[in-house]
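Undergrad: Following this message is one structure expressed as structure tokens.
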Amino acid sequence: MKKILLLFCCTCCLLVVGWSQDVKQLLQKGEEFEAGLKDQAAYQQYLKVLELQPNNHTALYKASILADRLGNRLHDKEQRNRYYRTAYQYASKALQLYPQSADAHFAMSVSLGRVALMSSGKELVESVKKIKYHADRGIQLNPTDFRPYHVLGRWYYEISSLGSFKRGAVKLFYGAFPDASFELSAKAYEKSLSLNPSFILNYLELARTYDQLDQRSRAIEMLKKLQYLPARMEDDQRIKEEGKKLLQKLSA
């Protein structure tokens, strides 16, 4: 009987070691696919990790971020929203299991932005408020992470773009948003850019914000720099094309 139990324990240990090695290889392959601008392939690797380890921290938050990214490229609304809902589920689980994870809070802030697109009324307002909370929390947990600063930049920009009348209507029916301005948006984007000068989207969004602040020369400077940056993410080439069009418009 003891021999059987010992054999069983050894077999279990070998299985655990084997799974750990498989997970490590899958995570490494996922990162390689991301670096190779192959988001769909990377996403599949992280899903395979979750089949072996459903609570894997890295796979959960990366699957969430990639599901959001992949969904955002789809034109079919139903398919796009399906990806967004999946991303939210992964972010929620990551945050539930790892509440002190800056990555989990970042994934949730991004996912809530997508959820807001599917919402209306009070649910929309609550989602928008939570975006800022999770971005701020991510910064508290990891002040050197450029990503939540970018989320804040976008948050300030979108709220400021509502205008005083729409913000007043929201306040009347659902409660006020926290303070927002294009100046705060620029400051957040600038901080994100200082932490990661290679993140292409910062240049485009910062240029748009400078344009709102009537700082056209600074906007043009950002867009010119953007054109010389190498693509590091699958969406970067599209972002560079958008930047090129905006540069032509502002330079006219």
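In the structure tokens, the first chain shown is A, the next is B, and so on; residue numbers restart at 1 for each chain, and ligands run from 1 in the order shown.
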Hey, what's within 12 Å of segment 31-34 of chain A if we count only C-alpha atoms and toss same-chain stuff fewer than 5 positions away? As an MDAnalysis selection string, please?
TA: chainID A and resid 24:26 39:46 58:59 62:63 65:66 69 231:235
Undergrad: Which neighbours of Leu206 of chain A fall inside 8 Å, counting only C-alpha atoms, when residues of the same chain fewer than 5 positions from it are skipped, and could you give them as a PyMOL selection string?
TA: chain A and resi 186+189-190+219+222
Undergrad: Let's have the selection written as a PDB file, in the first residue's frame, with all heavy atoms.
TA:
```
ATOM      1  N   ALA A 186      -2.902  66.241 -21.124  1.00  0.00           N
ATOM      2  CA  ALA A 186      -1.539  66.420 -21.647  1.00  0.00           C
ATOM      3  C   ALA A 186      -0.499  66.019 -20.604  1.00  0.00           C
ATOM      4  O   ALA A 186       0.494  65.348 -20.921  1.00  0.00           O
ATOM      5  CB  ALA A 186      -1.329  67.868 -22.080  1.00  0.00           C
ATOM      6  N   TYR A 189      -0.348  62.185 -20.409  1.00  0.00           N
ATOM      7  CA  TYR A 189       0.328  61.635 -21.588  1.00  0.00           C
ATOM      8  C   TYR A 189       1.830  61.921 -21.549  1.00  0.00           C
ATOM      9  O   TYR A 189       2.648  61.068 -21.924  1.00  0.00           O
ATOM     10  CB  TYR A 189      -0.259  62.222 -22.866  1.00  0.00           C
ATOM     11  CG  TYR A 189      -1.566  61.611 -23.297  1.00  0.00           C
ATOM     12  CD1 TYR A 189      -2.620  62.423 -23.738  1.00  0.00           C
ATOM     13  CD2 TYR A 189      -1.763  60.232 -23.298  1.00  0.00           C
ATOM     14  CE1 TYR A 189      -3.823  61.871 -24.155  1.00  0.00           C
ATOM     15  CE2 TYR A 189      -2.965  59.678 -23.714  1.00  0.00           C
ATOM     16  CZ  TYR A 189      -3.991  60.507 -24.143  1.00  0.00           C
ATOM     17  OH  TYR A 189      -5.177  59.960 -24.564  1.00  0.00           O
ATOM     18  N   GLU A 190       2.203  63.114 -21.128  1.00  0.00           N
ATOM     19  CA  GLU A 190       3.622  63.475 -21.036  1.00  0.00           C
ATOM     20  C   GLU A 190       4.352  62.580 -20.046  1.00  0.00           C
ATOM     21  O   GLU A 190       5.498  62.172 -20.295  1.00  0.00           O
ATOM     22  CB  GLU A 190       3.764  64.950 -20.657  1.00  0.00           C
ATOM     23  CG  GLU A 190       3.393  65.902 -21.775  1.00  0.00           C
ATOM     24  CD  GLU A 190       3.186  67.338 -21.294  1.00  0.00           C
ATOM     25  OE1 GLU A 190       3.213  67.557 -20.059  1.00  0.00           O
ATOM     26  OE2 GLU A 190       2.985  68.215 -22.146  1.00  0.00           O
ATOM     27  N   ALA A 219       1.993  69.907 -31.330  1.00  0.00           N
ATOM     28  CA  ALA A 219       1.280  68.771 -31.913  1.00  0.00           C
ATOM     29  C   ALA A 219       2.021  68.260 -33.147  1.00  0.00           C
ATOM     30  O   ALA A 219       2.218  67.051 -33.318  1.00  0.00           O
ATOM     31  CB  ALA A 219      -0.150  69.172 -32.267  1.00  0.00           C
ATOM     32  N   MET A 222       5.149  66.319 -32.244  1.00  0.00           N
ATOM     33  CA  MET A 222       4.860  64.950 -31.825  1.00  0.00           C
ATOM     34  C   MET A 222       4.609  64.044 -33.036  1.00  0.00           C
ATOM     35  O   MET A 222       5.092  62.909 -33.095  1.00  0.00           O
ATOM     36  CB  MET A 222       3.630  64.917 -30.914  1.00  0.00           C
ATOM     37  CG  MET A 222       3.832  65.447 -29.516  1.00  0.00           C
ATOM     38  SD  MET A 222       4.925  64.391 -28.517  1.00  0.00           S
ATOM     39  CE  MET A 222       6.380  65.441 -28.462  1.00  0.00           C
TER      40      MET A 222
END
```
Undergrad: So, with only C-alpha atoms as the atoms that count, which of A:Leu184, A:Leu250, A:Leu195, A:Ile200 lies closest to Asp236 of chain A?
TA: A:Ile200
Undergrad: Looking only at the backbone, which of the residues in segment 24-225 of chain A does DSSP tag as alpha helix (DSSP H), as a ChimeraX atom specification?
TA: /A:24-35,39-52,57-72,77-97,102-117,121-141,146-161,163-174,182-195,200-212,216-225
Undergrad: When you look at Lys132 of chain A with a cut-off of 8 Å (counting only C-alpha atoms), what residues show up, excluding the ones that are within fewer than 3 positions of it in the same chain? I need them as a VMD selection string.
TA: chain A and resid 109 128 to 129 135 to 136 151 to 152 155
Undergrad: Export, as a CSV table (one decimal), in the first residue's frame, the selected residues with C-alpha atoms.
TA:
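The resulting part-v2.csv:
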```csv
chain,number,residue,atom,x,y,z
A,109,SER,CA,-9.1,50.0,-16.5
A,128,VAL,CA,-16.3,55.7,-16.6
A,129,LYS,CA,-15.7,56.5,-12.9
A,135,ALA,CA,-5.8,53.6,-13.4
A,136,ASP,CA,-5.0,55.6,-10.2
A,151,VAL,CA,-5.3,55.5,-19.6
A,152,LEU,CA,-5.6,58.6,-17.5
A,155,TRP,CA,-9.8,59.5,-19.6
```
Undergrad: Taking 4 positions as the minimum chain separation for residues in the same chain, which residues sit within 7 Å of Leu112 of chain A when counting only C-alpha atoms? Answer as a VMD selection string.
TA: chain A and resid 108 116 127 131
Undergrad: Could you list, as a CSV table (one decimal) with N, CA and C atoms, in the first residue's frame, every residue within 8 Å of Leu52 of chain A, counting only C-alpha atoms and ignoring same-chain residues fewer than 2 positions away?
TA:
```csv
chain,number,residue,atom,x,y,z
A,19,TRP,N,3.5,20.2,-16.2
A,19,TRP,CA,2.6,21.3,-16.4
A,19,TRP,C,3.4,22.6,-16.3
A,23,VAL,N,3.6,25.4,-19.1
A,23,VAL,CA,3.2,26.8,-18.9
A,23,VAL,C,4.3,27.8,-19.2
A,48,LYS,N,-4.2,28.8,-23.7
A,48,LYS,CA,-3.7,27.4,-23.4
A,48,LYS,C,-3.1,27.4,-22.0
A,49,VAL,N,-2.5,28.4,-21.6
A,49,VAL,CA,-1.9,28.5,-20.2
A,49,VAL,C,-3.1,28.4,-19.2
A,50,LEU,N,-4.2,29.1,-19.5
A,50,LEU,CA,-5.3,29.1,-18.6
A,50,LEU,C,-6.0,27.8,-18.6
A,54,PRO,N,-5.8,27.8,-14.5
A,54,PRO,CA,-6.8,28.8,-14.7
A,54,PRO,C,-6.6,30.1,-13.9
```
Undergrad: Any idea what's packed within 9 Å of Asp68 of chain A, counting only C-alpha atoms, ignoring anything in its chain fewer than 3 positions away? Could you give it as a list of chain:residue names?
TA: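 The filter keeps A:Ala63, A:Ser64, A:Ile65, A:Gly71, A:Asn72, A:Arg73, A:Arg80, A:Tyr83, A:Tyr84, A:Arg85, A:Thr86, A:Ala87, A:Tyr88, A:Val110, A:Ser111, A:Arg114.
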Undergrad: Residues within 9 Å of segment 239-244 of chain A, please, as a PyMOL selection string. Count only C-alpha atoms; anything in the same chain fewer than 5 positions from it doesn't count.
TA: chain A and resi 200-201+203-204+207+223-224+226-227+229+231+249
Undergrad: Generate the output file for the selected residues, C-alpha atoms, as a compact mmCIF listing (two decimals), in the first residue's frame.
TA:
```txt
# COMPACT_ATOMS: atom_id res chain seq x y z
CA ILE A 200 3.71 55.05 -30.35
CA LEU A 201 0.11 55.77 -29.35
CA TYR A 203 2.59 60.57 -29.61
CA LEU A 204 -0.67 60.53 -31.53
CA ALA A 207 -0.66 65.57 -30.51
CA LEU A 223 3.47 63.75 -35.16
CA LYS A 224 6.81 64.18 -36.91
CA LEU A 226 5.88 59.50 -34.56
CA GLN A 227 6.74 58.83 -38.21
CA LEU A 229 9.42 55.32 -34.60
CA ALA A 231 6.38 49.51 -34.95
CA LYS A 249 -4.13 68.40 -41.78
```
Undergrad: Pick from A:Gly36, A:Gly30, A:Gly113, A:Gly138: nearest to Gln100 of chain A, with only C-alpha atoms counted?
TA: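 Of A:Gly36, A:Gly30, A:Gly113, A:Gly138, the one nearest Gln100 of chain A, counting only C-alpha atoms, is A:Gly138.
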Undergrad: As an exercise, work out the distance from atom CA of Leu47 of chain A to atom CA of Lys77 of chain A in Å and give it to one decimal place.
TA: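 Atom-to-atom, atom CA of Leu47 of chain A to atom CA of Lys77 of chain A, that is 22.8 Å.
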Undergrad: Rounded to one decimal place, report the atom CA of Asn196 of chain A-atom CA of Tyr228 of chain A distance in Å.
TA: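 Between atom CA of Asn196 of chain A and atom CA of Tyr228 of chain A the gap is 15.5 Å.
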Undergrad: Please, what distance in Å, to one decimal, runs between atom CA of Ala188 of chain A and atom CA of Ser217 of chain A?
TA: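 Distance between the two atoms: 19.3 Å.
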